[in-house]
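Here is work_28.cif, consisting of mmCIF, C-alpha atoms:
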```
data_model
#
loop_
_atom_site.label_atom_id
_atom_site.label_comp_id
_atom_site.auth_asym_id
_atom_site.auth_seq_id
_atom_site.Cartn_x
_atom_site.Cartn_y
_atom_site.Cartn_z
CA MET A 1 -37.85 -7.59 -26.84
CA ALA A 2 -35.55 -4.62 -26.20
CA GLN A 3 -35.22 -2.06 -28.97
CA ASP A 4 -31.51 -2.54 -29.55
CA ALA A 5 -32.10 -6.27 -29.91
CA ARG A 6 -34.80 -5.85 -32.48
CA LEU A 7 -32.71 -3.56 -34.58
CA ALA A 8 -29.76 -5.87 -34.51
CA LEU A 9 -31.97 -8.57 -35.69
CA LEU A 10 -33.13 -6.30 -38.34
CA VAL A 11 -29.59 -5.20 -38.79
CA VAL A 12 -32.25 -8.42 -40.94
CA THR A 13 -32.00 -6.95 -40.61
CA LEU A 14 -32.35 -9.96 -37.44
CA PRO A 15 -31.59 -9.88 -33.64
CA ARG A 16 -28.91 -11.25 -30.02
CA ARG A 17 -29.14 -11.42 -26.39
CA PRO A 18 -31.64 -13.22 -27.56
CA LEU A 19 -32.49 -10.69 -30.07
CA ARG A 20 -34.42 -8.88 -27.37
CA ALA A 21 -31.42 -6.84 -26.60
CA LEU A 22 -30.74 -6.30 -30.21
CA VAL A 23 -33.85 -6.41 -32.20
CA LEU A 24 -34.89 -2.87 -31.68
CA ALA A 25 -31.45 -1.48 -31.76
CA ALA A 26 -30.06 -2.46 -34.98
CA VAL A 27 -31.77 -5.50 -36.71
CA VAL A 28 -32.73 -3.89 -39.21
CA ALA A 29 -33.72 -0.68 -39.09
CA CYS A 30 -34.21 1.66 -41.62
CA ALA A 31 -36.39 3.50 -44.04
CA LEU A 32 -34.04 6.25 -44.64
CA VAL A 33 -32.15 7.89 -47.35
CA LEU A 34 -28.56 6.83 -47.50
CA ALA A 35 -27.58 8.95 -50.42
CA GLY A 36 -24.88 11.35 -49.48
CA CYS A 37 -24.33 9.63 -46.15
CA SER A 38 -22.92 6.43 -47.49
CA GLY A 39 -19.36 5.39 -46.92
CA THR A 40 -17.65 6.30 -50.15
CA PRO A 41 -14.01 6.22 -51.08
CA GLY A 42 -12.62 9.72 -50.89
CA PRO A 43 -10.67 11.33 -53.69
CA ASP A 44 -7.38 10.17 -52.18
CA THR A 45 -8.37 6.50 -52.13
CA ALA A 46 -6.66 4.31 -54.74
CA PRO A 47 -9.30 4.10 -57.49
CA ASP A 48 -8.63 0.62 -58.82
CA GLY A 49 -9.39 -1.25 -55.61
CA GLY A 50 -6.26 -3.37 -55.82
CA GLY A 51 -2.88 -3.50 -54.15
CA GLY A 52 -2.20 -0.69 -51.77
CA GLY A 53 -1.17 -1.00 -48.16
CA ARG A 54 1.03 1.36 -46.19
CA GLY A 55 2.86 2.40 -49.30
CA SER A 56 -0.33 3.43 -51.08
CA ALA A 57 -1.90 6.85 -51.34
CA ALA A 58 -3.81 8.48 -48.52
CA TRP A 59 -7.21 7.01 -47.68
CA THR A 60 -10.40 8.97 -47.08
CA TYR A 61 -13.81 7.59 -46.12
CA ARG A 62 -17.08 9.29 -45.21
CA ASP A 63 -19.13 7.00 -43.02
CA GLY A 64 -22.85 6.69 -42.31
CA THR A 65 -22.80 9.37 -39.62
CA GLY A 66 -21.25 11.89 -41.99
CA THR A 67 -17.87 11.62 -40.29
CA THR A 68 -14.87 11.75 -42.63
CA ILE A 69 -11.91 9.55 -41.70
CA ARG A 70 -8.52 10.41 -43.21
CA LEU A 71 -5.45 8.23 -43.01
CA ASP A 72 -2.09 8.60 -44.68
CA HIS A 73 -2.37 5.07 -46.09
CA ARG A 74 -5.04 2.56 -46.96
CA PRO A 75 -5.91 0.57 -43.80
CA GLU A 76 -4.40 -2.90 -43.72
CA ARG A 77 -5.20 -4.09 -40.21
CA ILE A 78 -8.95 -3.87 -39.69
CA VAL A 79 -11.23 -5.00 -36.87
CA ALA A 80 -14.83 -5.23 -38.09
CA LEU A 81 -18.32 -6.13 -36.95
CA ASP A 82 -19.20 -9.61 -38.19
CA ASP A 83 -21.80 -8.27 -40.64
CA VAL A 84 -19.05 -6.31 -42.38
CA ALA A 85 -16.16 -8.70 -41.72
CA ILE A 86 -17.96 -11.51 -43.58
CA SER A 87 -18.40 -9.22 -46.58
CA MET A 88 -14.71 -8.33 -46.46
CA VAL A 89 -13.70 -11.99 -46.57
CA ARG A 90 -16.09 -12.72 -49.44
CA TYR A 91 -14.34 -9.96 -51.39
CA GLY A 92 -10.85 -11.25 -50.74
CA LEU A 93 -9.95 -9.04 -47.79
CA ARG A 94 -8.87 -10.29 -44.37
CA PRO A 95 -9.72 -8.42 -41.18
CA VAL A 96 -7.46 -9.14 -38.23
CA GLY A 97 -10.37 -9.18 -35.78
CA THR A 98 -14.14 -9.36 -35.59
CA PHE A 99 -16.95 -8.90 -33.08
CA GLY A 100 -20.71 -9.35 -33.26
CA ARG A 101 -23.58 -11.71 -32.57
CA LEU A 102 -21.54 -14.81 -31.86
CA PRO A 103 -17.96 -16.04 -31.81
CA VAL A 104 -16.88 -17.03 -35.32
CA ALA A 105 -16.90 -20.77 -34.56
CA GLN A 106 -20.59 -20.57 -33.52
CA ASP A 107 -21.83 -18.38 -36.37
CA ASP A 108 -23.10 -20.36 -39.37
CA ARG A 109 -22.73 -17.32 -41.61
CA TRP A 110 -18.98 -17.95 -41.67
CA ASP A 111 -19.42 -21.48 -43.00
CA GLY A 112 -17.22 -22.14 -46.03
CA LEU A 113 -15.10 -19.04 -45.46
CA ASP A 114 -11.44 -19.03 -44.46
CA THR A 115 -11.36 -17.54 -40.97
CA SER A 116 -7.71 -18.26 -40.21
CA GLY A 117 -5.96 -15.33 -38.60
CA ILE A 118 -9.21 -13.57 -37.66
CA GLU A 119 -9.48 -13.12 -33.89
CA ASP A 120 -12.73 -12.77 -31.94
CA VAL A 121 -12.66 -9.61 -29.84
CA GLY A 122 -16.17 -9.61 -28.39
CA THR A 123 -19.85 -10.34 -28.83
CA ARG A 124 -22.92 -8.16 -28.62
CA SER A 125 -24.17 -10.21 -25.70
CA GLY A 126 -20.91 -9.98 -23.77
CA ASP A 127 -19.25 -13.01 -22.17
CA ALA A 128 -18.43 -15.50 -24.96
CA GLY A 129 -16.22 -13.28 -27.02
CA ALA A 130 -15.20 -10.55 -24.67
CA GLY A 131 -13.85 -12.79 -21.98
CA ASP A 132 -14.51 -10.19 -19.32
CA GLY A 133 -18.28 -10.38 -19.04
CA SER A 134 -18.71 -6.87 -20.41
CA ASP A 135 -21.04 -5.81 -23.16
CA GLY A 136 -19.56 -5.32 -26.59
CA ILE A 137 -15.95 -5.39 -27.66
CA ALA A 138 -13.02 -6.18 -25.39
CA VAL A 139 -11.00 -3.02 -25.99
CA ASP A 140 -7.75 -4.55 -24.78
CA ARG A 141 -8.07 -7.34 -27.35
CA VAL A 142 -8.66 -4.79 -30.08
CA ALA A 143 -5.62 -2.77 -29.01
CA ALA A 144 -3.44 -5.90 -29.02
CA LEU A 145 -4.19 -6.31 -32.75
CA HIS A 146 -2.83 -2.81 -33.54
CA PRO A 147 -5.61 -2.00 -36.02
CA ASP A 148 -5.52 0.88 -38.50
CA LEU A 149 -9.33 0.99 -38.58
CA ILE A 150 -12.38 -0.31 -36.68
CA VAL A 151 -15.58 -0.80 -38.69
CA THR A 152 -19.12 -1.32 -37.42
CA THR A 153 -22.64 -0.42 -38.59
CA ILE A 154 -25.19 2.08 -37.39
CA ALA A 155 -28.95 1.67 -37.77
CA PRO A 156 -31.59 4.39 -37.54
CA VAL A 157 -34.06 4.19 -34.67
CA ASP A 158 -37.08 5.51 -36.57
CA ALA A 159 -38.49 6.01 -40.05
CA ALA A 160 -37.18 9.58 -40.10
CA GLY A 161 -33.65 8.19 -40.10
CA THR A 162 -32.67 9.37 -36.62
CA LEU A 163 -29.39 7.84 -35.53
CA PRO A 164 -28.86 6.51 -31.98
CA ALA A 165 -27.82 9.02 -29.34
CA GLY A 166 -24.08 9.46 -29.42
CA HIS A 167 -23.85 7.60 -32.72
CA VAL A 168 -22.79 4.43 -30.91
CA GLY A 169 -22.51 1.70 -33.53
CA THR A 170 -23.65 -1.90 -33.42
CA GLY A 171 -21.75 -4.09 -30.97
CA ILE A 172 -20.25 -1.17 -29.06
CA ALA A 173 -21.53 -1.02 -25.50
CA ASP A 174 -21.81 2.74 -25.02
CA ALA A 175 -20.27 6.13 -25.77
CA GLU A 176 -17.49 5.52 -23.24
CA GLN A 177 -16.44 2.32 -24.95
CA LYS A 178 -16.59 4.01 -28.33
CA ARG A 179 -14.20 6.71 -27.06
CA ALA A 180 -11.86 4.02 -25.78
CA LEU A 181 -11.90 2.31 -29.18
CA ALA A 182 -11.32 5.61 -30.97
CA ASP A 183 -8.15 6.00 -28.91
CA VAL A 184 -6.96 2.75 -30.50
CA ALA A 185 -8.01 3.46 -34.12
CA PRO A 186 -10.58 5.49 -36.05
CA VAL A 187 -14.11 4.02 -35.89
CA ALA A 188 -16.13 3.96 -39.13
CA GLU A 189 -19.86 3.23 -39.05
CA VAL A 190 -21.61 1.92 -42.18
CA ARG A 191 -25.22 3.04 -42.36
CA TRP A 192 -27.59 0.07 -42.11
CA GLY A 193 -30.93 1.52 -43.09
CA GLY A 194 -33.18 2.42 -46.00
CA LYS A 195 -33.16 0.54 -49.27
CA GLY A 196 -31.30 -2.74 -49.29
CA ALA A 197 -29.61 -1.89 -52.58
CA ASP A 198 -28.21 1.27 -51.00
CA VAL A 199 -26.73 -0.65 -48.08
CA ILE A 200 -25.12 -3.10 -50.51
CA ALA A 201 -23.72 -0.18 -52.50
CA ASP A 202 -22.25 1.32 -49.33
CA VAL A 203 -20.63 -1.96 -48.34
CA THR A 204 -19.27 -2.34 -51.88
CA ASP A 205 -17.82 1.18 -51.78
CA LEU A 206 -16.10 0.33 -48.51
CA VAL A 207 -14.52 -2.94 -49.65
CA VAL A 208 -13.35 -1.37 -52.91
CA SER A 209 -11.76 1.48 -50.98
CA LEU A 210 -10.03 -1.11 -48.78
CA GLY A 211 -8.51 -2.90 -51.77
CA ALA A 212 -11.02 -5.47 -53.02
CA ALA A 213 -10.20 -6.41 -56.60
CA ARG A 214 -12.58 -4.96 -59.16
CA ALA A 215 -12.87 -8.33 -60.91
CA VAL A 216 -14.10 -9.93 -57.68
CA VAL A 217 -16.60 -7.14 -57.10
CA ASP A 218 -17.91 -7.35 -60.67
CA ALA A 219 -18.27 -11.13 -60.48
CA ALA A 220 -20.26 -10.80 -57.25
CA GLN A 221 -22.56 -8.26 -58.89
CA GLU A 222 -23.17 -10.57 -61.84
CA ASP A 223 -24.00 -13.42 -59.45
CA PHE A 224 -26.36 -11.12 -57.55
CA ASP A 225 -28.13 -10.04 -60.72
CA ALA A 226 -28.63 -13.67 -61.75
CA ALA A 227 -29.98 -14.62 -58.31
CA ALA A 228 -32.32 -11.62 -58.30
CA ALA A 229 -33.65 -12.57 -61.73
CA GLY A 230 -34.28 -16.11 -60.52
CA LEU A 231 -36.15 -14.83 -57.47
CA GLU A 232 -38.27 -12.56 -59.65
CA ASP A 233 -39.11 -15.43 -62.00
CA GLU A 234 -40.16 -17.68 -59.12
CA THR A 235 -42.29 -15.08 -57.35
CA ARG A 236 -43.94 -14.14 -60.63
CA ASP A 237 -45.10 -17.71 -61.15
CA HIS A 238 -45.65 -18.81 -57.55
CA ASP A 239 -47.99 -16.79 -55.36
CA VAL A 240 -47.14 -17.27 -51.69
CA ARG A 241 -46.84 -14.70 -48.95
CA VAL A 242 -43.74 -14.60 -46.75
CA THR A 243 -43.75 -13.41 -43.14
CA ALA A 244 -40.47 -12.54 -41.42
CA LEU A 245 -40.74 -12.69 -37.65
CA TYR A 246 -39.09 -12.94 -34.26
CA ALA A 247 -40.88 -14.29 -31.20
CA ASP A 248 -40.29 -14.42 -27.46
CA HIS A 249 -42.35 -14.50 -24.28
CA ASP A 250 -43.69 -11.00 -25.01
CA GLY A 251 -45.22 -11.95 -28.36
CA VAL A 252 -44.56 -12.05 -32.09
CA TYR A 253 -42.61 -9.31 -33.86
CA VAL A 254 -43.29 -9.18 -37.60
CA GLY A 255 -40.65 -7.36 -39.67
CA ARG A 256 -41.86 -4.32 -41.59
CA PRO A 257 -40.49 -4.61 -45.16
CA ASP A 258 -40.10 -0.88 -45.77
CA ASP A 259 -37.92 -0.47 -42.68
CA VAL A 260 -35.65 -3.49 -42.93
CA PRO A 261 -33.00 -3.33 -45.69
CA ALA A 262 -32.85 -7.06 -46.42
CA LEU A 263 -36.64 -7.36 -46.50
CA GLN A 264 -36.94 -4.25 -48.64
CA LEU A 265 -34.41 -5.76 -51.05
CA TRP A 266 -36.36 -9.01 -51.38
CA ALA A 267 -39.64 -7.16 -51.82
CA SER A 268 -38.08 -5.11 -54.61
CA HIS A 269 -37.38 -8.39 -56.42
CA GLY A 270 -40.93 -9.66 -56.19
CA VAL A 271 -41.28 -11.33 -52.79
CA ASP A 272 -44.77 -10.84 -51.33
CA LEU A 273 -43.92 -9.94 -47.74
CA THR A 274 -46.43 -9.49 -44.96
CA VAL A 275 -46.86 -5.91 -43.77
CA PRO A 276 -47.78 -6.08 -40.07
CA GLY A 277 -50.94 -4.40 -38.89
CA PRO A 278 -49.72 -2.91 -35.60
CA ALA A 279 -47.91 0.40 -35.94
CA GLY A 280 -44.23 0.63 -35.13
CA TYR A 281 -40.85 1.16 -36.70
CA ALA A 282 -39.21 -1.94 -38.17
CA TRP A 283 -41.60 -4.29 -36.34
CA GLY A 284 -45.30 -4.77 -35.83
CA VAL A 285 -45.76 -6.36 -32.41
CA TYR A 286 -48.52 -8.89 -31.71
CA SER A 287 -49.06 -9.89 -28.08
CA TRP A 288 -49.68 -13.58 -27.61
CA PRO A 289 -53.44 -13.09 -27.20
CA ASN A 290 -53.40 -11.50 -30.68
CA ALA A 291 -50.81 -13.80 -32.27
CA GLY A 292 -53.49 -15.62 -34.24
CA LYS A 293 -53.64 -12.55 -36.49
CA VAL A 294 -50.17 -13.27 -37.83
CA ARG A 295 -50.63 -14.77 -41.30
CA GLY A 296 -48.40 -15.88 -44.15
CA ASP A 297 -47.78 -18.98 -46.25
CA VAL A 298 -44.06 -19.10 -45.47
CA LEU A 299 -42.55 -18.10 -42.13
CA LEU A 300 -38.99 -16.83 -41.90
CA LEU A 301 -38.27 -17.28 -38.21
CA SER A 302 -35.41 -15.45 -36.54
CA ASP A 303 -32.72 -17.75 -35.27
CA GLN A 304 -32.95 -15.76 -32.04
CA GLY A 305 -35.80 -16.24 -29.60
CA TYR A 306 -38.53 -18.84 -29.95
CA GLN A 307 -38.19 -21.57 -32.56
CA ALA A 308 -40.87 -23.63 -34.33
CA GLY A 309 -41.37 -26.00 -31.41
CA ASP A 310 -41.89 -23.06 -29.07
CA LEU A 311 -44.44 -21.52 -31.43
CA ALA A 312 -46.32 -24.82 -31.63
CA ARG A 313 -46.77 -24.72 -27.85
CA GLN A 314 -48.49 -21.33 -27.97
CA PRO A 315 -52.27 -21.87 -28.03
CA THR A 316 -52.90 -18.76 -30.12
CA PHE A 317 -50.27 -19.65 -32.71
CA ALA A 318 -50.19 -23.44 -32.85
CA ASP A 319 -52.71 -23.59 -35.69
CA GLN A 320 -50.98 -20.97 -37.85
CA PRO A 321 -51.27 -22.56 -41.33
CA ALA A 322 -47.64 -22.16 -42.39
CA LEU A 323 -46.45 -23.54 -39.06
CA VAL A 324 -48.77 -26.53 -39.38
CA ALA A 325 -47.59 -27.10 -42.97
CA GLY A 326 -43.95 -27.03 -41.91
CA GLN A 327 -43.21 -24.07 -44.16
CA VAL A 328 -40.91 -22.45 -41.61
CA HIS A 329 -37.31 -21.49 -42.38
CA PRO A 330 -34.52 -19.76 -40.44
CA TRP A 331 -34.08 -16.01 -40.68
CA THR A 332 -30.51 -15.13 -39.75
CA SER A 333 -28.95 -11.72 -39.40
CA PRO A 334 -28.28 -10.73 -43.00
CA VAL A 335 -24.95 -9.91 -44.53
CA MET A 336 -25.56 -7.02 -46.91
CA ASP A 337 -23.19 -7.47 -49.82
CA ALA A 338 -23.90 -8.69 -53.34
CA ALA A 339 -22.17 -12.05 -52.88
CA SER A 340 -23.93 -12.88 -49.59
CA GLN A 341 -27.31 -11.70 -50.80
CA ALA A 342 -27.01 -13.77 -53.98
CA LEU A 343 -26.74 -16.83 -51.72
CA ALA A 344 -29.63 -15.66 -49.54
CA MET A 345 -31.90 -14.97 -52.51
CA ARG A 346 -31.22 -18.37 -54.07
CA GLN A 347 -32.12 -20.04 -50.78
CA LEU A 348 -35.28 -17.96 -50.51
CA THR A 349 -36.16 -18.84 -54.10
CA ASP A 350 -35.90 -22.55 -53.27
CA TRP A 351 -38.09 -22.15 -50.18
CA ILE A 352 -40.76 -20.29 -52.11
CA ALA A 353 -40.68 -22.86 -54.92
CA ALA A 354 -41.21 -25.67 -52.41
CA SER A 355 -44.11 -23.95 -50.64
CA GLU A 356 -47.85 -23.88 -51.26
CA ARG A 357 -50.55 -21.45 -50.32
CA THR A 358 -51.97 -22.25 -46.91
CA ASP A 359 -54.79 -19.68 -46.74
CA GLY A 360 -52.59 -18.07 -44.15
#
```
Can you turn what I pasted into structure tokens?
Amino acid sequence: MAQDARLALLVVTLPRRPLRALVLAAVVACALVLAGCSGTPGPDTAPDGGGGGRGSAAWTYRDGTGTTIRLDHRPERIVALDDVAISMVRYGLRPVGTFGRLPVAQDDRWDGLDTSGIEDVGTRSGDAGAGDGSDGIAVDRVAALHPDLIVTTIAPVDAAGTLPAGHVGTGIADAEQKRALADVAPVAEVRWGGKGADVIADVTDLVVSLGAARAVVDAAQEDFDAAAAGLEDETRDHDVRVTALYADHDGVYVGRPDDVPALQLWASHGVDLTVPGPAGYAWGVYSWPNAGKVRGDVLLLSDQGYQAGDLARQPTFADQPALVAGQVHPWTSPVMDAASQALAMRQLTDWIAASERTDG
């Protein structure tokens, strides 16, 4: 599985091309300090998070690379990576365009959300969204939307917090394409690494700066707190170990909780997550001859790569206790905002409650 694929997966922190081309490049990458690097509304940003638009005060934002973006008005027309665009919609904002893992109509993470007026401008894997077979965003489609701002994420490539060469964000093909996008509108990159709570705080800061109503933000935080408390109660009373993984023909990649923001978040609220034995940033990689060493009572299986039926056909994995018990659930690329994570944690709580120890 290619590094950029693994990181995108982690940026579950889960993967897309299948995740091989993403898993090690964004999917979730991270053990790094976000403090001081987070996107935070600048002093000129309207402080109440409501109203605004071109008649509002100047807008300032410091993104995850340390770059400060200054505009003479709060951005209204925004093209955003799906991971961020979904958060915007949950907080009452409406991007004009989005790009990412899949076209909107094929991405279950958009289910239940109003996507009218949001145009697909590309996918990480090329073809489906871009329309020209190229990797990443279709720049001409972005330009046709006349955006004020383009937003993506950026994930570290190691535990020291090193950012990718050229600071090319998730979903952008390369430095040349990033320059072409920057000619259309400023590009902001939200840091997608370190503690999950820090990533959520950064996303919250961004949506507030873009005009999300404080009442909506506060309600989402209350829902998150309630979901986190429920997860803590369940894990306190129900002792099962959870293993988050991606698999393909090369082997099994087990997510490392300290390096993946979503996993780190769940662990901080009591989930007993498997720490892989093999060394490596974000993932511990087990070749198929060693796949029998992968344990866990509950498997969270990336929606990229091999699925349960594929795992059952692998001689070294077919007898994995959780797989045999049917305690396997989908692990999709996480959306890191309080509202989305409240939903994810409630689902995880239900899965844990319905599971039993398997001696795995």
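As for atom CA of Ser268 of chain A and atom CA of Lys195 of chain A, they are spaced 9.2 Å apart.
The protein and nucleic acid residues lying at most 8 Å from Ile352 of chain A are A:Glu234, A:Thr235, A:His238, A:Val240, A:Val298, with all atoms listed in the file considered and sequence neighbours fewer than 5 positions away removed.
The space separating atom CA of Val275 of chain A from atom CA of Lys293 of chain A comes to 12.0 Å.
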For Gly230 of chain A, list every protein, DNA or RNA residue within 12 Å, evaluated using only C-alpha atoms, and leave out those in the same chain fewer than 3 positions away; present the list as number ranges by chain. A: 223-227, 233-237, 266, 269-271, 342-350, 352-353
Leaving out Thr316 of chain A and any residue of its chain fewer than 5 positions from it, which residues lie within 8 Å of it when counting all atoms listed in the file, given as number ranges by chain? A: 288-292
Pull out every residue that the PyMOL selection byres ((chain A and resi 63) around 6) matches in the shown coordinates and put them as a list in words. Ser38, Gly39, Arg62, Gly64, Thr65, Gly66, Thr67, Ala188, Glu189 and Val190 of chain A
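Near segment 82-85 of chain A, within a cut-off of 9 Å and counting all atoms listed in the file, sit the residues Val11, Ile78, Val79, Met88, Val89, Arg90, Leu93, Arg94, Pro95, Gly97, Thr98, Phe99, Gly100, Arg101, Leu102, Val104, Val151, Thr152, Thr153, Val190, Val203, Ser333, Pro334, Val335, Met336 and Asp337 of chain A, with same-chain residues fewer than 3 positions away left out.
With atom CA of Val121 of chain A on one side and atom CA of Val208 of chain A on the other, the separation reads 24.5 Å.
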Contact table segment 157-261 of chain A vs segment 303-312 of chain A, cut-off 7 Å, shortest pair per residue, all atoms listed in the file, as a tab-separated table:
```
residue	atom	partner	partner_atom	distance
A:Tyr246	CA	A:Gly305	CA	6.6
A:Ala247	CA	A:Tyr306	CA	5.3
A:Asp248	CA	A:Gly305	CA	5.3
```
